>>> print(open('run-v5.pdb').read())   # PDB, C-alpha atoms
ATOM      1  CA  MET B   1      20.758 169.499-247.054
ATOM      2  CA  GLU B   2      20.104 166.063-248.566
ATOM      3  CA  LEU B   3      21.429 165.764-252.111
ATOM      4  CA  GLY B   4      20.224 163.084-254.497
ATOM      5  CA  MET B   5      20.585 162.037-258.085
ATOM      6  CA  GLU B   6      18.420 159.670-260.072
ATOM      7  CA  LEU B   7      18.534 158.180-263.526
ATOM      8  CA  VAL B   8      15.339 159.289-265.272
ATOM      9  CA  PRO B   9      13.296 156.372-266.650
ATOM     10  CA  LYS B  10      11.478 156.657-269.975
ATOM     11  CA  GLU B  11       8.151 157.004-268.146
ATOM     12  CA  ARG B  12       9.372 160.299-266.647
ATOM     13  CA  LYS B  13      11.145 161.779-269.666
ATOM     14  CA  GLN B  14       8.620 164.647-269.718
ATOM     15  CA  THR B  15      10.237 165.944-266.520
ATOM     16  CA  ILE B  16      13.481 166.591-268.409
ATOM     17  CA  SER B  17      11.543 167.985-271.375
ATOM     18  CA  LYS B  18       9.770 170.483-269.099
ATOM     19  CA  LEU B  19      12.965 171.485-267.288
ATOM     20  CA  MET B  20      14.577 172.022-270.683
ATOM     21  CA  GLN B  21      12.295 175.074-271.078
ATOM     22  CA  TYR B  22      14.059 176.778-268.144
ATOM     23  CA  TYR B  23      17.433 175.727-269.503
ATOM     24  CA  LEU B  24      16.665 177.175-272.926
ATOM     25  CA  TYR B  25      15.377 180.355-271.306
ATOM     26  CA  ASP B  26      18.776 180.747-269.604
ATOM     27  CA  PHE B  27      20.427 180.353-273.004
ATOM     28  CA  THR B  28      18.561 183.302-274.519
ATOM     29  CA  ARG B  29      21.410 185.414-273.134
ATOM     30  CA  TYR B  30      23.856 183.647-275.442
ATOM     31  CA  LEU B  31      21.898 182.220-278.381
ATOM     32  CA  GLU B  32      19.106 183.425-280.645
ATOM     33  CA  LEU B  33      16.179 181.478-279.203
ATOM     34  CA  ASP B  34      12.547 182.515-279.290
ATOM     35  CA  VAL B  35       9.351 180.988-277.997
ATOM     36  CA  ASP B  36       6.598 179.981-280.411
ATOM     37  CA  GLN B  37       3.080 181.455-280.449
ATOM     38  CA  ASP B  38       2.173 179.284-277.448
ATOM     39  CA  GLY B  39       5.084 180.656-275.421
ATOM     40  CA  VAL B  40       7.156 177.465-275.671
ATOM     41  CA  TYR B  41      10.772 177.073-276.748
ATOM     42  CA  PRO B  42      11.456 174.540-279.501
ATOM     43  CA  ALA B  43      11.933 170.937-278.448
ATOM     44  CA  TYR B  44      15.516 170.069-277.596
ATOM     45  CA  PRO B  45      16.899 168.181-280.615
ATOM     46  CA  GLY B  46      17.687 164.554-279.899
ATOM     47  CA  LEU B  47      16.254 164.476-276.388
ATOM     48  CA  GLU B  48      14.250 161.326-277.150
ATOM     49  CA  SER B  49      17.503 159.483-277.918
ATOM     50  CA  PHE B  50      18.380 159.550-274.209
ATOM     51  CA  TRP B  51      15.718 156.863-273.734
ATOM     52  CA  SER B  52      15.905 155.058-277.069
ATOM     53  CA  SER B  53      19.603 154.689-277.908
ATOM     54  CA  GLY B  54      20.514 151.751-275.693
ATOM     55  CA  ASN B  55      23.175 152.137-273.030
ATOM     56  CA  ASN B  56      25.118 155.143-274.272
ATOM     57  CA  LYS B  57      22.979 158.120-273.183
ATOM     58  CA  PHE B  58      21.865 158.941-269.656
ATOM     59  CA  ALA B  59      19.500 161.572-268.236
ATOM     60  CA  TYR B  60      19.791 162.398-264.531
ATOM     61  CA  LEU B  61      17.825 164.591-262.152
ATOM     62  CA  PHE B  62      19.490 166.287-259.186
ATOM     63  CA  LYS B  63      17.469 166.747-256.034
ATOM     64  CA  VAL B  64      17.820 168.802-252.873
ATOM     65  CA  ASP B  65      15.741 167.624-249.920
ATOM     66  CA  GLY B  66      13.560 165.695-252.372
ATOM     67  CA  ASN B  67      12.948 168.691-254.661
ATOM     68  CA  ILE B  68      14.175 168.780-258.248
ATOM     69  CA  ALA B  69      17.205 171.049-258.489
ATOM     70  CA  GLY B  70      18.486 170.376-262.021
ATOM     71  CA  PHE B  71      19.489 167.791-264.575
ATOM     72  CA  ALA B  72      22.362 166.432-266.629
ATOM     73  CA  LEU B  73      22.529 164.657-269.951
ATOM     74  CA  VAL B  74      25.598 162.431-270.271
ATOM     75  CA  GLU B  75      26.692 160.557-273.377
ATOM     76  CA  ARG B  76      29.060 157.628-273.648
ATOM     77  CA  LEU B  77      31.067 158.438-276.768
ATOM     78  CA  LEU B  78      31.696 155.393-278.894
ATOM     79  CA  TYR B  79      34.883 155.412-280.966
ATOM     80  CA  ASP B  80      35.475 159.114-280.377
ATOM     81  CA  PRO B  81      39.078 160.360-280.082
ATOM     82  CA  GLU B  82      37.858 163.262-277.901
ATOM     83  CA  GLY B  83      36.920 161.070-274.951
ATOM     84  CA  GLN B  84      34.683 158.376-273.560
ATOM     85  CA  PHE B  85      32.075 160.609-271.900
ATOM     86  CA  TYR B  86      30.511 163.926-272.813
ATOM     87  CA  MET B  87      28.547 166.232-270.526
ATOM     88  CA  THR B  88      25.975 167.040-273.199
ATOM     89  CA  GLU B  89      23.885 169.375-271.032
ATOM     90  CA  PHE B  90      24.029 170.400-267.379
ATOM     91  CA  PHE B  91      21.515 172.627-265.613
ATOM     92  CA  VAL B  92      21.025 173.783-262.038
ATOM     93  CA  MET B  93      17.909 175.793-261.268
ATOM     94  CA  GLN B  94      18.519 179.384-260.117
ATOM     95  CA  LYS B  95      17.354 178.671-256.568
ATOM     96  CA  TYR B  96      20.131 176.095-256.082
ATOM     97  CA  ARG B  97      23.019 177.845-257.819
ATOM     98  CA  ARG B  98      25.995 178.755-255.671
ATOM     99  CA  SER B  99      24.897 176.220-253.049
ATOM    100  CA  GLY B 100      27.286 173.413-254.013
ATOM    101  CA  VAL B 101      24.622 171.334-255.782
ATOM    102  CA  GLY B 102      26.211 171.713-259.226
ATOM    103  CA  THR B 103      29.684 170.851-257.979
ATOM    104  CA  TRP B 104      28.361 167.837-256.083
ATOM    105  CA  ALA B 105      26.371 166.592-259.104
ATOM    106  CA  ALA B 106      29.246 167.057-261.572
ATOM    107  CA  HIS B 107      31.738 165.300-259.298
ATOM    108  CA  LYS B 108      29.265 162.464-258.682
ATOM    109  CA  LEU B 109      28.790 161.982-262.435
ATOM    110  CA  PHE B 110      32.559 162.002-262.999
ATOM    111  CA  ASP B 111      32.836 159.285-260.338
ATOM    112  CA  MET B 112      30.052 157.229-261.882
ATOM    113  CA  TYR B 113      31.623 157.226-265.341
ATOM    114  CA  PRO B 114      35.383 156.823-264.947
ATOM    115  CA  GLY B 115      37.544 157.629-267.949
ATOM    116  CA  ASN B 116      38.186 160.438-270.411
ATOM    117  CA  TRP B 117      35.679 163.293-270.351
ATOM    118  CA  LYS B 118      34.777 166.258-272.527
ATOM    119  CA  VAL B 119      32.749 169.209-271.217
ATOM    120  CA  SER B 120      31.871 172.129-273.536
ATOM    121  CA  GLN B 121      30.294 175.548-273.230
ATOM    122  CA  VAL B 122      28.939 178.197-275.568
ATOM    123  CA  ARG B 123      31.757 180.708-275.984
ATOM    124  CA  ALA B 124      29.749 183.691-274.707
ATOM    125  CA  ASN B 125      28.613 181.835-271.579
ATOM    126  CA  THR B 126      31.400 183.042-269.284
ATOM    127  CA  PRO B 127      29.617 181.989-266.053
ATOM    128  CA  ALA B 128      29.410 178.386-267.311
ATOM    129  CA  ARG B 129      33.053 178.391-268.372
ATOM    130  CA  ASN B 130      34.100 179.744-264.959
ATOM    131  CA  PHE B 131      31.945 177.107-263.233
ATOM    132  CA  TRP B 132      33.493 174.250-265.215
ATOM    133  CA  HIS B 133      37.043 175.531-264.768
ATOM    134  CA  ARG B 134      36.485 175.556-261.012
ATOM    135  CA  VAL B 135      34.617 172.231-260.820
ATOM    136  CA  ILE B 136      36.949 170.300-263.125
ATOM    137  CA  GLY B 137      39.984 172.011-261.599
ATOM    138  CA  GLU B 138      38.949 170.901-258.102
ATOM    139  CA  TYR B 139      38.184 167.380-259.286
ATOM    140  CA  THR B 140      41.447 166.917-261.206
ATOM    141  CA  ASN B 141      43.758 169.133-259.140
ATOM    142  CA  GLY B 142      44.058 171.323-262.230
ATOM    143  CA  ASP B 143      44.996 168.459-264.547
ATOM    144  CA  PHE B 144      42.802 169.256-267.562
ATOM    145  CA  LYS B 145      43.284 170.712-271.024
ATOM    146  CA  GLU B 146      41.128 173.266-272.775
ATOM    147  CA  ARG B 147      40.686 173.620-276.529
ATOM    148  CA  PHE B 148      38.522 175.937-278.604
ATOM    149  CA  ASN B 149      36.522 173.995-281.164
ATOM    150  CA  PRO B 150      35.903 175.447-284.617
ATOM    151  CA  PRO B 151      33.925 177.002-286.176
ATOM    152  CA  GLN B 152      32.222 178.938-283.319
ATOM    153  CA  GLY B 153      35.268 178.811-281.055
ATOM    154  CA  ASN B 154      33.407 177.177-278.170
ATOM    155  CA  PRO B 155      35.699 176.021-275.346
ATOM    156  CA  SER B 156      35.882 172.399-274.223
ATOM    157  CA  GLN B 157      37.724 170.938-271.270
ATOM    158  CA  TYR B 158      39.280 167.470-271.506
ATOM    159  CA  PHE B 159      40.361 165.356-268.552
ATOM    160  CA  ASN B 160      40.628 161.829-267.225
ATOM    161  CA  THR B 161      38.876 160.925-263.978
ATOM    162  CA  LEU B 162      41.289 158.051-263.364
ATOM    163  CA  THR B 163      44.448 160.185-263.471
ATOM    164  CA  ASN B 164      44.155 161.454-259.896
ATOM    165  CA  ASN B 165      42.535 158.322-258.456
ATOM    166  CA  LYS B 166      39.562 160.494-257.486
ATOM    167  CA  VAL B 167      36.974 157.955-258.577
ATOM    168  CA  ASN B 168      35.322 156.399-255.525
ATOM    169  CA  ASN B 169      33.108 153.358-255.150
ATOM    170  CA  CYS B 170      30.185 154.965-256.992
ATOM    171  CA  LYS B 171      30.951 153.370-260.378
ATOM    172  CA  GLY B 172      28.282 152.601-262.939
ATOM    173  CA  ASN B 173      25.033 154.346-263.664
ATOM    174  CA  SER B 174      23.308 153.851-260.344
ATOM    175  CA  ASP B 175      19.575 154.505-260.483
ATOM    176  CA  ASP B 176      19.620 156.418-257.202
ATOM    177  CA  VAL B 177      22.482 158.128-255.430
ATOM    178  CA  VAL B 178      21.778 159.977-252.188
ATOM    179  CA  MET B 179      24.180 161.847-249.979
ATOM    180  CA  LYS B 180      23.599 164.033-246.960
ATOM    181  CA  ASN B 181      25.587 167.234-246.462
TER
END
>>> encode(input="run-v5.pdb", output="structure tokens")
Amino acid sequence: MELGMELVPKERKQTISKLMQYYLYDFTRYLELDVDQDGVYPAYPGLESFWSSGNNKFAYLFKVDGNIAGFALVERLLYDPEGQFYMTEFFVMQKYRRSGVGTWAAHKLFDMYPGNWKVSQVRANTPARNFWHRVIGEYTNGDFKERFNPPQGNPSQYFNTLTNNKVNNCKGNSDDVVMKN
């Protein structure tokens, strides 16, 4: 299985916008979301800012054998006491779940952006919380903190990628990262 990750250029932002429909569909289990009369979920708020805000927001696609397998939206937090980087959204398509793609992609992103991270989930989304506990736990050897943020009580995990010297030579926001497994 050949795993890849690419930074999505502005010319291809519609790819993320279209994938967001599947992501929002998954969230109907946890949030009150409905499609409009055309069968489309509402546009993801602020998605355009991932291509217009300068160098502090990044949209990535994950690929398996050249096929799109998911995406991540990462933000560099400026002047935020909660961390330097925030995993704003993270999605792996059903076909690729439980195959290691999500773990690989998350770890690769942690490597690419060394520093303090925050990852959050919707409180009712137990599968996502379990996934992040496992993924962050493996990456940090269990060295992370979890807090429940008011008012909804959503959990967030906080950790530093530099603490365990796990960061490899994949620093920066490389346009293309490919790895064979």
>>> residues_around(input="run-v5.pdb", residues="B:Asn56", least_positions_apart="5", cutoff="9 Å", atoms="all atoms listed in the file", output="MDAnalysis selection string")
chainID B and resid 50 74:78
>>> atom_distance(input="run-v5.pdb", atom1="atom CA of B:Glu146", atom2="atom CA of B:Tyr158")
6.2 Å
>>> closest_residue(input="run-v5.pdb", among="B:Pro81, B:Gly70, B:Gly54, B:Gly137", to="B:Ser17", atoms="only C-alpha atoms")
B:Gly70
>>> closest_residue(input="run-v5.pdb", among="B:Thr126, B:Gln14, B:Ser49, B:Ser156", to="B:Met87", atoms="only C-alpha atoms")
B:Ser156
>>> resolve_selection(input="run-v5.pdb", expression="the PyMOL selection byres ((chain B and resi 107) around 10)", output="ChimeraX atom specification")
/B:101-106,108-112,135-136,138-139,161,166-167
>>> atom_distance(input="run-v5.pdb", atom1="atom CA of B:Val8", atom2="atom CA of B:Tyr60")
5.5 Å
>>> axis_aligned_box(input="run-v5.pdb", around="stretch 61-80 of chain B", padding_each_side="8 Å", output="JSON")
{"center_x": 24.2, "center_y": 163.2, "center_z": -265.4, "size_x": 38.5, "size_y": 31.7, "size_z": 47.0}
>>> atom_distance(input="run-v5.pdb", atom1="atom CA of B:Leu47", atom2="atom CA of B:Tyr86")
14.7 Å
>>> residues_near_point(input="run-v5.pdb", point="(42.3, 174.9, -266.4)", cutoff="6 Å", atoms="all atoms listed in the file", output="PyMOL selection string")
chain B and resi 133+142+144
>>> closest_residue(input="run-v5.pdb", among="B:Trp51, B:Thr88, B:Lys95, B:Val35", to="B:Arg12", atoms="only C-alpha atoms")
B:Trp51
>>> residues_around(input="run-v5.pdb", residues="B:Gln121", least_positions_apart="3", cutoff="8 Å", atoms="all atoms listed in the file", output="compact mmCIF listing (two decimals) with C-alpha atoms, in the frame of the given file")
# COMPACT_ATOMS: atom_id res chain seq x y z
CA ASN B 125 28.61 181.84 -271.58
CA ALA B 128 29.41 178.39 -267.31
CA ARG B 129 33.05 178.39 -268.37
CA ASN B 154 33.41 177.18 -278.17
CA PRO B 155 35.70 176.02 -275.35
CA SER B 156 35.88 172.40 -274.22
>>> closest_residue(input="run-v5.pdb", among="B:Leu162, B:Ala43, B:Ala124, B:Val119", to="B:Thr28", atoms="all atoms listed in the file")
B:Ala124
>>> residues_around(input="run-v5.pdb", residues="B:Phe159", least_positions_apart="3", cutoff="7 Å", atoms="all atoms listed in the file", output="list in words")
Asn116, Trp117, Lys118, Asp143, Phe144 and Lys145 of chain B
>>> closest_residue(input="run-v5.pdb", among="B:Val122, B:Gly4, B:Thr163, B:Met93", to="B:Thr140", atoms="all atoms listed in the file")
B:Thr163
